[in-house]
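Structure file input.txt; described as compact mmCIF, C-alpha atoms.
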# COMPACT_ATOMS: atom_id res chain seq x y z
CA MET A 1 -9.41 -6.82 -21.59
CA ASN A 2 -6.02 -6.80 -19.88
CA ARG A 3 -6.37 -9.17 -16.93
CA VAL A 4 -3.62 -9.35 -14.31
CA LEU A 5 -3.53 -11.09 -10.94
CA GLY A 6 -2.85 -8.59 -8.17
CA ILE A 7 -1.44 -9.75 -4.82
CA ASP A 8 -1.39 -7.42 -1.83
CA ILE A 9 0.98 -8.52 0.95
CA GLY A 10 0.16 -7.23 4.41
CA GLY A 11 1.55 -7.87 7.85
CA SER A 12 -1.32 -10.25 8.66
CA GLY A 13 -2.60 -11.47 5.30
CA MET A 14 -1.74 -11.96 1.63
CA LYS A 15 -4.73 -11.24 -0.63
CA ALA A 16 -5.23 -11.78 -4.35
CA ALA A 17 -7.79 -11.11 -7.06
CA GLU A 18 -7.95 -10.71 -10.81
CA VAL A 19 -7.94 -7.10 -12.05
CA ASP A 20 -8.90 -5.46 -15.35
CA LEU A 21 -6.10 -2.96 -15.96
CA SER A 22 -8.15 -0.98 -18.46
CA THR A 23 -10.75 -0.03 -15.84
CA GLY A 24 -9.24 -0.86 -12.44
CA GLU A 25 -12.15 -3.22 -11.78
CA VAL A 26 -11.62 -6.18 -9.47
CA LEU A 27 -13.03 -9.10 -11.43
CA THR A 28 -13.13 -11.84 -8.78
CA ASP A 29 -13.66 -12.28 -5.08
CA ARG A 30 -10.50 -11.71 -3.06
CA TYR A 31 -8.76 -14.81 -1.81
CA ARG A 32 -6.74 -14.46 1.39
CA ILE A 33 -4.08 -16.55 3.10
CA GLU A 34 -2.49 -15.51 6.38
CA THR A 35 1.02 -14.11 6.11
CA PRO A 36 3.33 -16.86 7.39
CA ARG A 37 5.38 -16.47 10.56
CA PRO A 38 8.26 -16.10 10.25
CA ALA A 39 7.63 -14.19 7.01
CA THR A 40 10.73 -15.41 5.19
CA PRO A 41 11.18 -15.35 1.39
CA LYS A 42 10.74 -19.15 1.18
CA ALA A 43 7.55 -19.17 3.26
CA MET A 44 5.99 -16.23 1.45
CA ALA A 45 6.94 -17.59 -1.97
CA LYS A 46 4.98 -20.73 -1.09
CA VAL A 47 1.91 -18.60 -0.32
CA VAL A 48 2.24 -16.70 -3.61
CA ALA A 49 2.29 -20.07 -5.39
CA GLN A 50 -0.85 -21.09 -3.48
CA LEU A 51 -2.59 -17.86 -4.49
CA THR A 52 -1.76 -18.29 -8.17
CA ASP A 53 -2.82 -21.94 -8.01
CA HIS A 54 -6.16 -20.93 -6.46
CA PHE A 55 -6.91 -18.83 -9.52
CA ASP A 56 -5.37 -21.43 -11.88
CA TRP A 57 -3.26 -18.50 -13.05
CA ASN A 58 -0.43 -18.57 -15.59
CA GLY A 59 -0.37 -14.94 -16.75
CA GLN A 60 1.22 -11.79 -15.36
CA VAL A 61 1.22 -11.12 -11.62
CA GLY A 62 1.81 -7.87 -9.75
CA VAL A 63 2.73 -7.93 -6.06
CA GLY A 64 2.48 -5.10 -3.53
CA PHE A 65 5.20 -5.59 -0.92
CA PRO A 66 5.42 -3.85 2.50
CA GLY A 67 8.90 -2.38 2.14
CA VAL A 68 11.18 -0.38 -0.11
CA VAL A 69 11.47 -2.08 -3.51
CA GLN A 70 13.93 -0.94 -6.21
CA ASN A 71 13.93 -2.70 -9.57
CA GLY A 72 12.34 -5.71 -7.89
CA ILE A 73 15.00 -5.84 -5.14
CA VAL A 74 13.71 -5.63 -1.57
CA ARG A 75 15.63 -3.04 0.46
CA THR A 76 13.57 -2.99 3.68
CA ALA A 77 11.02 -5.32 5.28
CA ALA A 78 10.18 -3.79 8.65
CA ASN A 79 7.11 -5.94 9.39
CA LEU A 80 8.39 -9.14 7.74
CA HIS A 81 11.65 -11.10 8.17
CA ASP A 82 15.09 -9.46 7.94
CA SER A 83 16.21 -12.12 5.47
CA TRP A 84 14.20 -10.30 2.80
CA VAL A 85 16.70 -7.43 2.62
CA GLY A 86 18.69 -7.62 -0.61
CA VAL A 87 16.49 -10.35 -2.12
CA ASP A 88 15.21 -10.15 -5.71
CA GLY A 89 11.49 -10.32 -5.01
CA ASP A 90 10.60 -10.50 -8.70
CA ALA A 91 12.80 -13.58 -9.12
CA VAL A 92 11.70 -15.35 -5.91
CA PHE A 93 7.99 -15.05 -6.68
CA THR A 94 8.45 -15.77 -10.39
CA LYS A 95 10.28 -19.03 -9.62
CA ALA A 96 7.72 -20.13 -7.03
CA SER A 97 4.62 -19.40 -9.12
CA GLY A 98 5.87 -20.06 -12.64
CA CYS A 99 4.35 -16.70 -13.61
CA ASP A 100 5.95 -13.42 -14.67
CA VAL A 101 5.91 -11.41 -11.42
CA ALA A 102 6.63 -7.72 -10.82
CA VAL A 103 6.98 -6.41 -7.24
CA ILE A 104 6.29 -2.86 -6.06
CA ASN A 105 6.04 -1.12 -2.68
CA ASP A 106 2.53 -1.76 -1.35
CA ALA A 107 1.65 1.85 -0.57
CA ASP A 108 2.96 2.97 -3.96
CA ALA A 109 0.67 0.31 -5.44
CA ALA A 110 -2.37 1.63 -3.58
CA GLY A 111 -1.44 5.14 -4.68
CA LEU A 112 -1.24 4.12 -8.34
CA ALA A 113 -4.76 2.71 -8.09
CA GLU A 114 -6.11 5.95 -6.60
CA ILE A 115 -4.27 8.20 -9.05
CA GLU A 116 -5.33 6.24 -12.11
CA PHE A 117 -8.83 5.11 -11.12
CA GLY A 118 -9.81 6.78 -7.85
CA ALA A 119 -9.75 9.84 -5.61
CA GLY A 120 -6.50 11.28 -6.99
CA LYS A 121 -7.34 11.05 -10.68
CA GLY A 122 -6.65 14.33 -12.47
CA VAL A 123 -5.58 16.20 -9.30
CA PRO A 124 -2.67 18.56 -10.07
CA GLY A 125 0.17 19.27 -7.67
CA VAL A 126 1.31 17.04 -4.80
CA VAL A 127 -1.02 14.23 -3.73
CA ILE A 128 -0.14 12.10 -0.70
CA LEU A 129 -1.81 8.78 -0.04
CA LEU A 130 -1.42 7.17 3.38
CA THR A 131 -2.31 3.56 4.14
CA LEU A 132 -3.12 3.17 7.82
CA GLY A 133 -2.75 -0.43 8.93
CA THR A 134 -0.13 -2.47 10.80
CA GLY A 135 2.21 0.38 9.92
CA ILE A 136 1.79 3.52 7.82
CA GLY A 137 2.59 3.36 4.15
CA SER A 138 2.86 6.44 1.96
CA ALA A 139 2.75 7.23 -1.73
CA VAL A 140 3.56 10.66 -3.16
CA PHE A 141 2.61 11.94 -6.59
CA THR A 142 3.50 15.19 -8.32
CA ASP A 143 1.11 15.97 -11.19
CA GLY A 144 0.31 12.26 -11.34
CA LYS A 145 3.91 11.04 -11.35
CA LEU A 146 5.01 8.69 -8.57
CA VAL A 147 7.91 9.52 -6.25
CA PRO A 148 8.56 5.95 -5.02
CA ASN A 149 9.40 4.43 -1.64
CA THR A 150 8.77 7.44 0.58
CA GLU A 151 8.07 5.52 3.84
CA PHE A 152 6.68 8.51 5.76
CA GLY A 153 5.41 6.18 8.49
CA HIS A 154 8.94 6.16 9.89
CA LEU A 155 9.06 9.92 10.44
CA VAL A 156 9.54 10.95 14.06
CA ILE A 157 6.75 13.25 15.24
CA LYS A 158 7.05 14.79 18.71
CA GLY A 159 9.64 12.21 19.68
CA LYS A 160 7.75 9.12 18.49
CA ILE A 161 7.71 7.18 15.22
CA ALA A 162 4.57 8.14 13.32
CA GLU A 163 3.27 4.62 12.75
CA ASP A 164 3.58 3.87 16.47
CA ARG A 165 1.12 6.71 17.10
CA ALA A 166 -1.14 7.03 14.07
CA SER A 167 -1.49 3.58 12.48
CA SER A 168 -4.67 1.57 12.96
CA ARG A 169 -2.53 -0.93 14.89
CA ALA A 170 -1.56 1.84 17.34
CA LYS A 171 -5.22 2.83 17.71
CA GLU A 172 -6.11 -0.73 18.68
CA GLU A 173 -3.08 -1.43 20.89
CA LEU A 174 -3.38 1.86 22.78
CA GLY A 175 -7.17 1.58 23.06
CA LEU A 176 -7.71 5.05 21.59
CA SER A 177 -11.12 6.49 20.81
CA ASN A 178 -11.72 7.86 17.33
CA LYS A 179 -11.24 11.39 18.67
CA LYS A 180 -7.97 10.70 20.51
CA TRP A 181 -6.56 8.68 17.64
CA ALA A 182 -7.54 11.42 15.18
CA ARG A 183 -5.41 13.87 17.18
CA GLU A 184 -2.40 11.58 16.71
CA LEU A 185 -3.15 11.31 13.00
CA GLU A 186 -3.61 15.07 12.79
CA ASP A 187 -0.11 15.72 14.19
CA PHE A 188 1.26 13.50 11.44
CA LEU A 189 -0.76 15.19 8.69
CA LEU A 190 0.24 18.65 9.90
CA GLU A 191 3.92 17.70 9.67
CA LEU A 192 3.45 16.44 6.09
CA GLU A 193 1.44 19.55 5.26
CA LYS A 194 4.29 21.75 6.51
CA LEU A 195 6.90 19.83 4.51
CA PHE A 196 5.10 19.28 1.19
CA SER A 197 2.17 21.73 0.85
CA PRO A 198 0.04 19.00 -0.75
CA ALA A 199 -3.08 19.57 -2.79
CA LEU A 200 -4.76 16.48 -1.38
CA PHE A 201 -4.44 13.78 1.28
CA ILE A 202 -5.96 10.37 0.53
CA VAL A 203 -6.50 8.02 3.47
CA GLY A 204 -6.43 4.31 2.66
CA GLY A 205 -6.12 1.01 4.45
CA GLY A 206 -8.86 -0.96 6.15
CA ILE A 207 -9.64 1.85 8.58
CA SER A 208 -10.69 4.07 5.68
CA SER A 209 -14.09 2.34 5.94
CA GLN A 210 -14.50 4.33 9.19
CA PHE A 211 -13.39 7.60 7.59
CA ASP A 212 -16.53 9.52 8.61
CA LYS A 213 -16.01 8.54 12.25
CA PHE A 214 -12.58 10.14 12.63
CA SER A 215 -12.17 12.68 9.81
CA ARG A 216 -14.41 15.24 11.51
CA TYR A 217 -11.81 15.60 14.25
CA LEU A 218 -9.01 16.63 11.85
CA ASP A 219 -9.88 20.29 12.29
CA ASP A 220 -6.47 21.92 11.98
CA VAL A 221 -5.45 20.34 8.67
CA THR A 222 -6.16 22.80 5.86
CA THR A 223 -5.38 20.40 3.00
CA PRO A 224 -8.45 18.52 1.72
CA ILE A 225 -8.64 14.96 3.08
CA VAL A 226 -10.62 12.21 1.36
CA SER A 227 -11.03 8.48 1.75
CA ALA A 228 -9.50 6.18 -0.84
CA GLU A 229 -12.22 5.24 -3.31
CA HIS A 230 -10.91 1.70 -3.70
CA ARG A 231 -10.53 1.29 0.07
CA ASN A 232 -9.10 -2.15 0.85
CA ARG A 233 -9.09 -3.08 -2.85
CA ALA A 234 -6.56 -0.38 -3.76
CA GLY A 235 -3.58 -2.55 -2.84
CA ILE A 236 -4.67 -5.35 -5.16
CA VAL A 237 -5.55 -3.02 -8.04
CA GLY A 238 -2.27 -1.13 -7.74
CA ALA A 239 -0.25 -4.31 -7.33
CA ALA A 240 -1.65 -5.50 -10.65
CA MET A 241 -0.55 -2.19 -12.16
CA ALA A 242 3.07 -2.98 -11.20
CA VAL A 243 3.35 -5.05 -14.38
CA LEU A 244 3.04 -1.83 -16.37
CA ARG A 245 6.12 -0.34 -14.68
CA PHE A 246 4.33 3.00 -14.24
CA ASP A 247 7.31 4.59 -12.53
CA PRO A 248 9.71 5.87 -15.20
CA ARG A 249 12.61 5.42 -12.76
CA GLY A 250 11.94 1.69 -12.80
CA THR A 251 11.52 1.22 -9.06

Translate this structure into structure tokens?
Amino acid sequence: MNRVLGIDIGGSGMKAAEVDLSTGEVLTDRYRIETPRPATPKAMAKVVAQLTDHFDWNGQVGVGFPGVVQNGIVRTAANLHDSWVGVDGDAVFTKASGCDVAVINDADAAGLAEIEFGAGKGVPGVVILLTLGTGIGSAVFTDGKLVPNTEFGHLVIKGKIAEDRASSRAKEELGLSNKKWARELEDFLLELEKLFSPALFIVGGGISSQFDKFSRYLDDVTTPIVSAEHRNRAGIVGAAMAVLRFDPRGT
């Protein structure tokens, strides 16, 4: 059994669990520590060390990071600290934990989990996974191959940034009902549908547990829409998969 520790970094929390890479099964209870503020490399490296120590871990570690990551180098960190930009995330977390760490974009990680072990497995054509949380993460696959670091949450839809309208954070901050929020999400999905003609949308993030409450209002989207099978575990499972370097472009 190929066990890897997966760490999913979010805007509010950093979560870890052991994962079996042969099955995608989460083998332990998740352990969570709040994301430090300010979320600097030094502060977050300390948390990664605490997470590995909690599991008494000395093997491989995969980390899902909320930003563009190329060859382990962080290029954007919109919901963290600006000092992350240009930092070698692999090296920072490896030094802090004493483990071999590979970093990947968090939405790409969740997408890998769903393509390999979940709702996107075996689906031909373009599959788009969206993680709806503090922001909106996106992962795009063509016949199962990842196109990394797409960041569709920053698209401007009807004059507003998509994640300021259709993230779960926006739903809470704006006090939107499921129906009103679904209309915002629908505008976003329709734009992606127009641009990419996908075969499938997968909705992930914590709000995917309420999928039945809002999906029935997405009437105008013709592309099939499903909930992520791994739900809030997808980030951890996919983060663990980062150690396999699934993306042939090495990002």

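All protein and nucleic acid residues in the vicinity of (3.3, -7.6, -10.1), that is within 6 Å when counting only C-alpha atoms, are A:Val61, A:Gly62, A:Val63, A:Val101, A:Ala102, A:Val103, A:Ala239, A:Ala240, A:Ala242, A:Val243.
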
Residues as selected, C-alpha atoms, written as an mmCIF file, in the frame of the given file, can you do that?
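Result went into again.cif, see below:
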data_model
loop_
_atom_site.group_PDB
_atom_site.id
_atom_site.type_symbol
_atom_site.label_atom_id
_atom_site.label_comp_id
_atom_site.auth_asym_id
_atom_site.auth_seq_id
_atom_site.Cartn_x
_atom_site.Cartn_y
_atom_site.Cartn_z
ATOM 1 C CA VAL A 61 1.220 -11.120 -11.620
ATOM 2 C CA GLY A 62 1.810 -7.870 -9.750
ATOM 3 C CA VAL A 63 2.730 -7.930 -6.060
ATOM 4 C CA VAL A 101 5.910 -11.410 -11.420
ATOM 5 C CA ALA A 102 6.630 -7.720 -10.820
ATOM 6 C CA VAL A 103 6.980 -6.410 -7.240
ATOM 7 C CA ALA A 239 -0.250 -4.310 -7.330
ATOM 8 C CA ALA A 240 -1.650 -5.500 -10.650
ATOM 9 C CA ALA A 242 3.070 -2.980 -11.200
ATOM 10 C CA VAL A 243 3.350 -5.050 -14.380
#

* **Among the residues A:Asn58, A:Thr40, A:Gln50, A:Ser197, the one that comes closest to Val127 in chain A [using only C-alpha atoms]** => A:Ser197

* Using all atoms listed in the file, collect all residues at a distance of at most 6 Å from (-3.8, -13.0, -11.7) as written in the file, then present them as JSON, numbers by chain. => {"A": [4, 5, 6, 18, 57, 61]}

Kindly save the residues from that selection, with C-alpha atoms included, as an mmCIF file, in the frame of the given file.
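File produced: part19.cif:
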data_model
loop_
_atom_site.group_PDB
_atom_site.id
_atom_site.type_symbol
_atom_site.label_atom_id
_atom_site.label_comp_id
_atom_site.auth_asym_id
_atom_site.auth_seq_id
_atom_site.Cartn_x
_atom_site.Cartn_y
_atom_site.Cartn_z
ATOM 1 C CA VAL A 4 -3.620 -9.350 -14.310
ATOM 2 C CA LEU A 5 -3.530 -11.090 -10.940
ATOM 3 C CA GLY A 6 -2.850 -8.590 -8.170
ATOM 4 C CA GLU A 18 -7.950 -10.710 -10.810
ATOM 5 C CA TRP A 57 -3.260 -18.500 -13.050
ATOM 6 C CA VAL A 61 1.220 -11.120 -11.620
#

Using all atoms listed in the file, which protein or nucleic acid residues come within 10 Å of Asp219 in chain A? Drop anything in the same chain fewer than 4 positions from it, and give the result as a PDB file with C-alpha atoms, keeping the file's coordinate frame.
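New file around37.pdb:
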ATOM      1  CA  ALA A 182      -7.540  11.420  15.180  1.00  0.00           C
ATOM      2  CA  ARG A 183      -5.410  13.870  17.180  1.00  0.00           C
ATOM      3  CA  GLU A 186      -3.610  15.070  12.790  1.00  0.00           C
ATOM      4  CA  SER A 215     -12.170  12.680   9.810  1.00  0.00           C
TER       5      SER A 215
END

* **Residue with smallest distance to Ile225 in chain A - pool A:Phe196, A:Ala77, A:Arg30, A:Leu130, counting only C-alpha atoms** => A:Leu130

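Proximity ranking of A:Thr134, A:Thr23, A:Gln70, A:Asn105 relative to Ala170 in chain A places A:Thr134 first, based on only C-alpha atoms.
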